[in-house]
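A.B. asks: What follows is structure-v5.csv, made up of CSV, N, CA and C atoms and all ligand atoms:
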```
chain,number,residue,atom,x,y,z
A,1,MET,N,16.3,-89.1,141.6
A,1,MET,CA,15.4,-88.1,142.3
A,1,MET,C,16.1,-87.2,143.3
A,2,LYS,N,16.9,-87.9,144.1
A,2,LYS,CA,17.6,-87.1,145.1
A,2,LYS,C,18.6,-86.1,144.4
A,3,ARG,N,19.2,-86.6,143.3
A,3,ARG,CA,20.1,-85.8,142.6
A,3,ARG,C,19.4,-84.6,142.0
A,4,LEU,N,18.2,-84.8,141.5
A,4,LEU,CA,17.5,-83.7,140.9
A,4,LEU,C,17.2,-82.6,142.0
A,5,LEU,N,16.8,-83.1,143.2
A,5,LEU,CA,16.5,-82.1,144.3
A,5,LEU,C,17.8,-81.3,144.6
A,6,ALA,N,18.9,-82.0,144.7
A,6,ALA,CA,20.2,-81.3,145.0
A,6,ALA,C,20.4,-80.2,144.0
A,7,LEU,N,20.2,-80.6,142.7
A,7,LEU,CA,20.4,-79.6,141.6
A,7,LEU,C,19.5,-78.4,141.8
A,8,VAL,N,18.3,-78.7,142.1
A,8,VAL,CA,17.3,-77.6,142.3
A,8,VAL,C,17.8,-76.7,143.4
A,9,LEU,N,18.2,-77.3,144.5
A,9,LEU,CA,18.6,-76.5,145.6
A,9,LEU,C,19.9,-75.6,145.3
A,10,LEU,N,20.8,-76.2,144.5
A,10,LEU,CA,22.0,-75.5,144.1
A,10,LEU,C,21.6,-74.3,143.3
A,11,CYS,N,20.7,-74.4,142.4
A,11,CYS,CA,20.3,-73.3,141.5
A,11,CYS,C,19.6,-72.2,142.4
A,12,ALA,N,18.8,-72.6,143.4
A,12,ALA,CA,18.1,-71.7,144.2
A,12,ALA,C,19.1,-70.7,144.9
A,13,CYS,N,20.2,-71.3,145.3
A,13,CYS,CA,21.2,-70.5,146.0
A,13,CYS,C,21.8,-69.4,145.2
A,14,GLY,N,21.7,-69.5,143.9
A,14,GLY,CA,22.3,-68.5,143.0
A,14,GLY,C,21.5,-67.2,142.9
A,15,GLY,N,20.4,-67.2,143.7
A,15,GLY,CA,19.6,-65.9,143.7
A,15,GLY,C,18.9,-65.7,142.5
A,16,GLY,N,18.7,-66.7,141.6
A,16,GLY,CA,17.9,-66.6,140.4
A,16,GLY,C,18.6,-65.7,139.4
A,17,ARG,N,19.8,-65.4,139.5
A,17,ARG,CA,20.5,-64.5,138.5
A,17,ARG,C,21.6,-65.3,137.8
A,18,PRO,N,21.3,-65.8,136.7
A,18,PRO,CA,22.3,-66.6,136.0
A,18,PRO,C,23.3,-65.6,135.3
A,19,ARG,N,24.0,-64.8,136.0
A,19,ARG,CA,24.9,-63.8,135.4
A,19,ARG,C,26.3,-64.0,136.0
A,20,GLY,N,27.2,-63.2,135.5
A,20,GLY,CA,28.6,-63.2,136.0
A,20,GLY,C,28.6,-62.5,137.3
A,21,PRO,N,29.8,-62.1,137.7
A,21,PRO,CA,30.0,-61.4,139.0
A,21,PRO,C,29.2,-60.0,138.9
A,22,MET,N,28.8,-59.6,140.1
A,22,MET,CA,28.0,-58.4,140.2
A,22,MET,C,28.8,-57.2,139.8
A,23,SER,N,28.1,-56.3,139.1
A,23,SER,CA,28.7,-55.0,138.7
A,23,SER,C,28.7,-54.1,139.9
A,24,ASP,N,29.5,-53.0,139.9
A,24,ASP,CA,29.4,-52.0,141.0
A,24,ASP,C,28.0,-51.5,141.1
A,25,GLY,N,27.4,-51.3,140.0
A,25,GLY,CA,26.1,-50.7,140.0
A,25,GLY,C,25.1,-51.6,140.6
A,26,GLU,N,25.1,-52.9,140.3
A,26,GLU,CA,24.2,-53.8,141.0
A,26,GLU,C,24.5,-53.8,142.5
A,27,ARG,N,25.7,-53.9,142.9
A,27,ARG,CA,26.1,-53.9,144.3
A,27,ARG,C,25.5,-52.7,145.0
A,28,MET,N,25.7,-51.5,144.4
A,28,MET,CA,25.2,-50.2,144.9
A,28,MET,C,23.7,-50.2,145.0
A,29,TYR,N,23.1,-50.7,144.0
A,29,TYR,CA,21.6,-50.8,144.0
A,29,TYR,C,21.1,-51.7,145.1
A,30,LEU,N,21.7,-52.8,145.2
A,30,LEU,CA,21.3,-53.8,146.3
A,30,LEU,C,21.6,-53.2,147.7
A,31,ALA,N,22.7,-52.4,147.8
A,31,ALA,CA,23.0,-51.9,149.1
A,31,ALA,C,22.1,-50.7,149.5
A,32,LYS,N,21.7,-49.9,148.5
A,32,LYS,CA,21.0,-48.7,148.8
A,32,LYS,C,19.5,-48.8,148.7
A,33,CYS,N,19.1,-49.8,147.9
A,33,CYS,CA,17.6,-49.7,147.5
A,33,CYS,C,16.8,-50.9,148.0
A,34,THR,N,17.4,-51.8,148.8
A,34,THR,CA,16.7,-53.0,149.2
A,34,THR,C,16.5,-53.1,150.7
A,35,SER,N,16.8,-52.0,151.4
A,35,SER,CA,16.6,-52.1,152.9
A,35,SER,C,15.1,-52.0,153.3
A,36,CYS,N,14.3,-51.4,152.4
A,36,CYS,CA,12.9,-51.2,152.8
A,36,CYS,C,12.0,-52.1,152.0
A,37,HIS,N,12.4,-52.5,150.8
A,37,HIS,CA,11.6,-53.4,149.9
A,37,HIS,C,12.5,-54.2,149.1
A,38,ALA,N,11.9,-55.3,148.5
A,38,ALA,CA,12.7,-56.2,147.7
A,38,ALA,C,13.3,-55.4,146.5
A,39,ALA,N,14.3,-55.9,145.9
A,39,ALA,CA,14.8,-55.3,144.7
A,39,ALA,C,13.8,-55.4,143.5
A,40,TYR,N,13.5,-54.3,142.9
A,40,TYR,CA,12.7,-54.3,141.7
A,40,TYR,C,13.6,-54.7,140.6
A,41,GLU,N,13.1,-55.5,139.7
A,41,GLU,CA,13.9,-55.9,138.5
A,41,GLU,C,14.2,-54.8,137.6
A,42,PRO,N,15.4,-54.6,137.0
A,42,PRO,CA,15.7,-53.6,136.1
A,42,PRO,C,14.6,-53.6,134.9
A,43,ALA,N,14.3,-54.8,134.5
A,43,ALA,CA,13.4,-54.9,133.3
A,43,ALA,C,11.9,-54.5,133.6
A,44,GLU,N,11.6,-54.3,134.9
A,44,GLU,CA,10.3,-53.9,135.3
A,44,GLU,C,9.9,-52.6,134.8
A,45,ARG,N,10.8,-51.7,134.7
A,45,ARG,CA,10.5,-50.3,134.4
A,45,ARG,C,11.3,-49.8,133.2
A,46,THR,N,10.8,-48.8,132.5
A,46,THR,CA,11.5,-48.1,131.5
A,46,THR,C,12.5,-47.2,132.1
A,47,ARG,N,13.4,-46.7,131.3
A,47,ARG,CA,14.4,-45.7,131.8
A,47,ARG,C,13.8,-44.5,132.5
A,48,VAL,N,12.8,-44.0,131.8
A,48,VAL,CA,12.2,-42.8,132.4
A,48,VAL,C,11.5,-43.1,133.7
A,49,LYS,N,10.9,-44.3,133.8
A,49,LYS,CA,10.2,-44.7,135.1
A,49,LYS,C,11.3,-44.9,136.2
A,50,TRP,N,12.4,-45.4,135.8
A,50,TRP,CA,13.5,-45.6,136.8
A,50,TRP,C,14.0,-44.2,137.4
A,51,VAL,N,14.2,-43.3,136.5
A,51,VAL,CA,14.6,-42.0,136.9
A,51,VAL,C,13.5,-41.4,137.8
A,52,ASP,N,12.3,-41.5,137.4
A,52,ASP,CA,11.2,-41.0,138.3
A,52,ASP,C,11.1,-41.7,139.6
A,53,ALA,N,11.3,-43.0,139.6
A,53,ALA,CA,11.3,-43.8,140.9
A,53,ALA,C,12.4,-43.3,141.8
A,54,ILE,N,13.6,-43.1,141.3
A,54,ILE,CA,14.7,-42.7,142.1
A,54,ILE,C,14.5,-41.2,142.6
A,55,ASP,N,14.0,-40.4,141.7
A,55,ASP,CA,13.6,-39.0,142.1
A,55,ASP,C,12.6,-39.1,143.3
A,56,GLU,N,11.7,-39.9,143.1
A,56,GLU,CA,10.6,-40.0,144.2
A,56,GLU,C,11.2,-40.5,145.5
A,57,MET,N,12.0,-41.5,145.4
A,57,MET,CA,12.7,-42.1,146.7
A,57,MET,C,13.5,-41.0,147.3
A,58,GLU,N,14.2,-40.2,146.5
A,58,GLU,CA,15.0,-39.1,147.1
A,58,GLU,C,14.1,-38.0,147.6
A,59,ALA,N,13.0,-37.6,146.9
A,59,ALA,CA,12.1,-36.6,147.3
A,59,ALA,C,11.4,-36.9,148.6
A,60,LYS,N,11.1,-38.2,148.8
A,60,LYS,CA,10.5,-38.6,150.0
A,60,LYS,C,11.5,-38.9,151.1
A,61,LYS,N,12.7,-38.6,150.9
A,61,LYS,CA,13.8,-38.8,151.8
A,61,LYS,C,14.0,-40.3,152.2
A,62,LYS,N,13.7,-41.2,151.3
A,62,LYS,CA,13.9,-42.6,151.6
A,62,LYS,C,15.3,-42.9,151.5
A,63,VAL,N,16.0,-42.2,150.6
A,63,VAL,CA,17.4,-42.6,150.3
A,63,VAL,C,18.1,-41.3,149.9
A,64,HIS,N,19.4,-41.3,150.3
A,64,HIS,CA,20.2,-40.1,149.9
A,64,HIS,C,21.4,-40.7,149.0
A,65,LEU,N,21.5,-40.2,147.8
A,65,LEU,CA,22.5,-40.8,146.9
A,65,LEU,C,23.4,-39.7,146.5
A,66,ALA,N,24.7,-39.9,146.6
A,66,ALA,CA,25.7,-39.0,146.0
A,66,ALA,C,25.6,-39.2,144.5
A,67,PRO,N,26.0,-38.1,143.7
A,67,PRO,CA,25.8,-38.2,142.3
A,67,PRO,C,26.4,-39.5,141.7
A,68,GLU,N,27.6,-39.9,142.2
A,68,GLU,CA,28.2,-41.1,141.6
A,68,GLU,C,27.4,-42.3,141.9
A,69,GLU,N,26.8,-42.3,143.1
A,69,GLU,CA,26.0,-43.5,143.5
A,69,GLU,C,24.8,-43.6,142.6
A,70,ARG,N,24.2,-42.4,142.4
A,70,ARG,CA,23.0,-42.4,141.6
A,70,ARG,C,23.3,-42.8,140.1
A,71,ALA,N,24.5,-42.4,139.6
A,71,ALA,CA,24.9,-42.7,138.3
A,71,ALA,C,25.1,-44.2,138.2
A,72,LEU,N,25.8,-44.8,139.2
A,72,LEU,CA,26.1,-46.2,139.2
A,72,LEU,C,24.8,-47.0,139.2
A,73,ILE,N,23.8,-46.6,140.0
A,73,ILE,CA,22.6,-47.3,140.1
A,73,ILE,C,21.8,-47.2,138.8
A,74,LEU,N,21.8,-46.0,138.2
A,74,LEU,CA,21.1,-45.9,137.0
A,74,LEU,C,21.7,-46.6,135.9
A,75,THR,N,23.0,-46.7,135.9
A,75,THR,CA,23.7,-47.5,134.9
A,75,THR,C,23.3,-49.0,135.0
A,76,TYR,N,23.2,-49.5,136.2
A,76,TYR,CA,22.8,-50.9,136.4
A,76,TYR,C,21.3,-51.0,135.9
A,77,LEU,N,20.5,-50.1,136.3
A,77,LEU,CA,19.0,-50.3,136.0
A,77,LEU,C,18.7,-50.0,134.6
A,78,THR,N,19.3,-49.0,134.0
A,78,THR,CA,18.9,-48.6,132.6
A,78,THR,C,20.0,-48.7,131.6
A,79,GLY,N,21.2,-49.0,132.0
A,79,GLY,CA,22.2,-49.0,131.0
A,79,GLY,C,22.9,-47.7,130.7
A,80,SER,N,22.5,-46.6,131.4
A,80,SER,CA,23.1,-45.3,131.1
A,80,SER,C,23.1,-44.5,132.4
A,81,PRO,N,24.2,-43.8,132.7
A,81,PRO,CA,24.3,-43.1,134.0
A,81,PRO,C,23.3,-42.0,134.2
A,82,ALA,N,22.7,-41.5,133.2
A,82,ALA,CA,21.6,-40.5,133.3
A,82,ALA,C,20.2,-41.1,133.2
A,83,GLY,N,20.2,-42.4,133.2
A,83,GLY,CA,18.9,-43.0,133.0
A,83,GLY,C,18.6,-43.3,131.5
A,84,ALA,N,18.9,-42.2,130.8
A,84,ALA,CA,18.8,-42.3,129.3
A,84,ALA,C,19.5,-41.1,128.8
A,85,ALA,N,20.2,-41.3,127.7
A,85,ALA,CA,20.9,-40.1,127.1
A,85,ALA,C,19.8,-39.0,126.7
A,86,ASP,N,18.7,-39.5,126.4
A,86,ASP,CA,17.6,-38.6,125.9
A,86,ASP,C,16.5,-38.5,127.0
A,87,SER,N,16.9,-38.6,128.3
A,87,SER,CA,15.8,-38.7,129.3
A,87,SER,C,15.0,-37.4,129.3
A,88,ALA,N,15.6,-36.2,129.1
A,88,ALA,CA,14.8,-35.0,129.2
A,88,ALA,C,13.8,-35.0,128.1
A,89,ASP,N,14.2,-35.4,126.9
A,89,ASP,CA,13.3,-35.6,125.8
A,89,ASP,C,12.2,-36.6,126.0
A,90,ALA,N,12.6,-37.7,126.6
A,90,ALA,CA,11.6,-38.8,126.7
A,90,ALA,C,10.6,-38.4,127.7
A,91,ARG,N,11.0,-37.6,128.7
A,91,ARG,CA,10.1,-37.2,129.7
A,91,ARG,C,8.9,-36.3,129.2
A,92,THR,N,9.3,-35.4,128.2
A,92,THR,CA,8.3,-34.5,127.7
A,92,THR,C,7.7,-35.0,126.5
A,93,ASN,N,8.3,-36.1,125.9
A,93,ASN,CA,7.7,-36.6,124.6
A,93,ASN,C,7.4,-38.1,124.8
A,94,PRO,N,6.2,-38.4,125.1
A,94,PRO,CA,5.9,-39.8,125.5
A,94,PRO,C,6.0,-40.7,124.3
A,95,VAL,N,6.1,-40.3,123.1
A,95,VAL,CA,6.3,-41.2,122.0
A,95,VAL,C,7.8,-41.5,121.7
A,96,ALA,N,8.7,-40.8,122.4
A,96,ALA,CA,10.1,-41.1,122.2
A,96,ALA,C,10.4,-42.6,122.6
A,97,PRO,N,11.3,-43.2,121.9
A,97,PRO,CA,11.6,-44.6,122.3
A,97,PRO,C,12.0,-44.7,123.7
A,98,LYS,N,11.6,-45.7,124.5
A,98,LYS,CA,11.8,-45.8,125.9
A,98,LYS,C,13.1,-46.6,126.2
A,99,ARG,N,13.4,-47.6,125.4
A,99,ARG,CA,14.6,-48.4,125.7
A,99,ARG,C,15.5,-48.5,124.5
B,1,LIG,C1,13.9,-45.9,153.6
B,1,LIG,C2,13.2,-46.9,152.8
B,1,LIG,C3,13.4,-47.0,151.3
B,1,LIG,C4,14.6,-47.0,150.6
B,1,LIG,C5,16.0,-47.0,151.2
B,1,LIG,C6,14.2,-47.1,149.2
B,1,LIG,N1,12.9,-47.1,149.1
B,1,LIG,FE1,11.8,-47.4,147.4
B,1,LIG,N2,10.1,-47.4,148.4
B,1,LIG,C7,10.0,-47.2,149.8
B,1,LIG,C8,8.5,-47.2,150.1
B,1,LIG,C9,8.0,-47.1,151.5
B,1,LIG,C10,7.8,-47.4,148.9
B,1,LIG,C11,6.4,-47.6,148.7
B,1,LIG,C12,5.5,-46.5,149.2
B,1,LIG,C13,5.8,-45.2,148.5
B,1,LIG,O1,5.7,-45.1,147.2
B,1,LIG,O2,6.1,-44.2,149.2
B,1,LIG,C14,8.8,-47.5,147.8
B,1,LIG,C15,8.5,-47.8,146.5
B,1,LIG,C16,9.5,-47.9,145.5
B,1,LIG,C17,9.1,-48.2,144.2
B,1,LIG,C18,7.8,-48.4,143.6
B,1,LIG,C19,7.1,-47.1,143.2
B,1,LIG,C20,5.9,-47.3,142.5
B,1,LIG,O3,5.2,-46.3,142.3
B,1,LIG,O4,5.6,-48.4,142.0
B,1,LIG,C21,10.3,-48.2,143.5
B,1,LIG,C22,10.5,-48.5,142.0
B,1,LIG,C23,11.4,-48.0,144.4
B,1,LIG,N3,10.8,-47.8,145.7
B,1,LIG,C24,12.7,-47.9,144.1
B,1,LIG,C25,13.7,-47.6,145.0
B,1,LIG,C26,15.1,-47.4,144.6
B,1,LIG,C27,15.6,-47.5,143.2
B,1,LIG,C28,15.8,-47.1,145.7
B,1,LIG,C29,17.3,-46.8,145.9
B,1,LIG,C30,17.7,-45.7,145.1
B,1,LIG,C31,14.8,-47.2,146.8
B,1,LIG,N4,13.6,-47.5,146.3
B,1,LIG,C32,15.1,-47.1,148.2
B,1,LIG,C33,11.0,-47.1,150.7
B,1,LIG,C34,12.3,-47.1,150.4
```
Can the structure from this file be put into structure tokens for me?
Ligand code: HEC

C.D. replies:
Amino acid sequence: MKRLLALVLLCACGGGRPRGPMSDGERMYLAKCTSCHAAYEPAERTRVKWVDAIDEMEAKKKVHLAPEERALILTYLTGSPAGAADSADARTNPVAPKR
């Protein structure tokens, strides 16, 4: 029983992310985007919604991102530096595949 508890505690310290070392994008995201709210999970939003969310944060002056920083964060969140290769398309065409 004690051993099980220790194991549970050990797992909890991993931050709930059973992944390898953090990518630059993840580090940038955590550094830039979690000072005001908890980190939203990448899977919570589609690519288009992530681009919108970051646009909104920038428009509201919550965050200022250099283009490289934005690209890194978007790569972490969506798998692509522009949010999506077809993001302009996806924005105007709601039936375009999101992920
Ligand atoms: C200076 C504080 C601050 C920083 C830094 C910040 N945010 Fe936010 N964010 C907010 C506030 C406040 C809200 C909720 C109220 C609002 O929408 O204005 C919010 C809401 C959000 C939401 C939810 C929007 C919705 O409609 O559900 C997302 C997603 C988000 N932020 C992503 C980000 C990302 C990505 C970054 C980094 C690029 C970031 N935030 C950096 C303050 C911040």

A.B. asks: For range 38-42 of chain A, find every residue with an atom within 7 Å (counting only C-alpha atoms), except residues of its own chain fewer than 4 positions away, and show them as a list of chain:residue names.

C.D. replies: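 Neighbouring residues, sequence-local ones excluded: A:Leu30, A:Cys33, A:Thr34, A:Leu77, A:Thr78.
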
A.B. asks: Taking N, CA and C atoms for each residue, export the selection above as a tab-separated table (two decimals), keeping the file's coordinate frame.

C.D. replies:
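Okay, part-v1.tsv is ready:
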```tsv
chain	number	residue	atom	x	y	z
A	30	LEU	N	21.70	-52.80	145.20
A	30	LEU	CA	21.30	-53.80	146.30
A	30	LEU	C	21.60	-53.20	147.70
A	33	CYS	N	19.10	-49.80	147.90
A	33	CYS	CA	17.60	-49.70	147.50
A	33	CYS	C	16.80	-50.90	148.00
A	34	THR	N	17.40	-51.80	148.80
A	34	THR	CA	16.70	-53.00	149.20
A	34	THR	C	16.50	-53.10	150.70
A	77	LEU	N	20.50	-50.10	136.30
A	77	LEU	CA	19.00	-50.30	136.00
A	77	LEU	C	18.70	-50.00	134.60
A	78	THR	N	19.30	-49.00	134.00
A	78	THR	CA	18.90	-48.60	132.60
A	78	THR	C	20.00	-48.70	131.60
```

A.B. asks: Let me see if you get this right: every residue at most 6 Å from ligand LIG 1 (chain B), counting only C-alpha atoms and all ligand atoms, written as a ChimeraX atom specification.

C.D. replies: /A:32-33,35-36,53-54,57,62-63

A.B. asks: Could you tell me how far CA of Tyr29 in chain A lies from CA of Tyr76 in chain A, in Å and to one decimal?

C.D. replies: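 Result for CA of Tyr29 in chain A versus CA of Tyr76 in chain A: 7.7 Å, one decimal.
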
A.B. asks: In Å to one decimal, how far is CA of Gly83 in chain A from atom N of Val51 in chain A?

C.D. replies: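 Result for atom N of Val51 in chain A versus CA of Gly83 in chain A: 5.9 Å, one decimal.
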
A.B. asks: Could you tell me how far CA of Thr75 in chain A sits from CA of Met28 in chain A, in Å to one decimal place?

C.D. replies: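 It comes out at 10.5 Å.
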
A.B. asks: Which residues come within 7 Å of range 70-72 of chain A, counting only C-alpha atoms, excluding same-chain residues fewer than 6 positions away, as a PDB file with N, CA and C atoms, keeping the file's coordinate frame?

C.D. replies:
```pdb
ATOM      1  N   ASP A  24      29.500 -53.000 139.900  1.00  0.00           N
ATOM      2  CA  ASP A  24      29.400 -52.000 141.000  1.00  0.00           C
ATOM      3  C   ASP A  24      28.000 -51.500 141.100  1.00  0.00           C
ATOM      4  N   GLY A  25      27.400 -51.300 140.000  1.00  0.00           N
ATOM      5  CA  GLY A  25      26.100 -50.700 140.000  1.00  0.00           C
ATOM      6  C   GLY A  25      25.100 -51.600 140.600  1.00  0.00           C
ATOM      7  N   PRO A  81      24.200 -43.800 132.700  1.00  0.00           N
ATOM      8  CA  PRO A  81      24.300 -43.100 134.000  1.00  0.00           C
ATOM      9  C   PRO A  81      23.300 -42.000 134.200  1.00  0.00           C
ATOM     10  N   ALA A  82      22.700 -41.500 133.200  1.00  0.00           N
ATOM     11  CA  ALA A  82      21.600 -40.500 133.300  1.00  0.00           C
ATOM     12  C   ALA A  82      20.200 -41.100 133.200  1.00  0.00           C
TER      13      ALA A  82
END
```
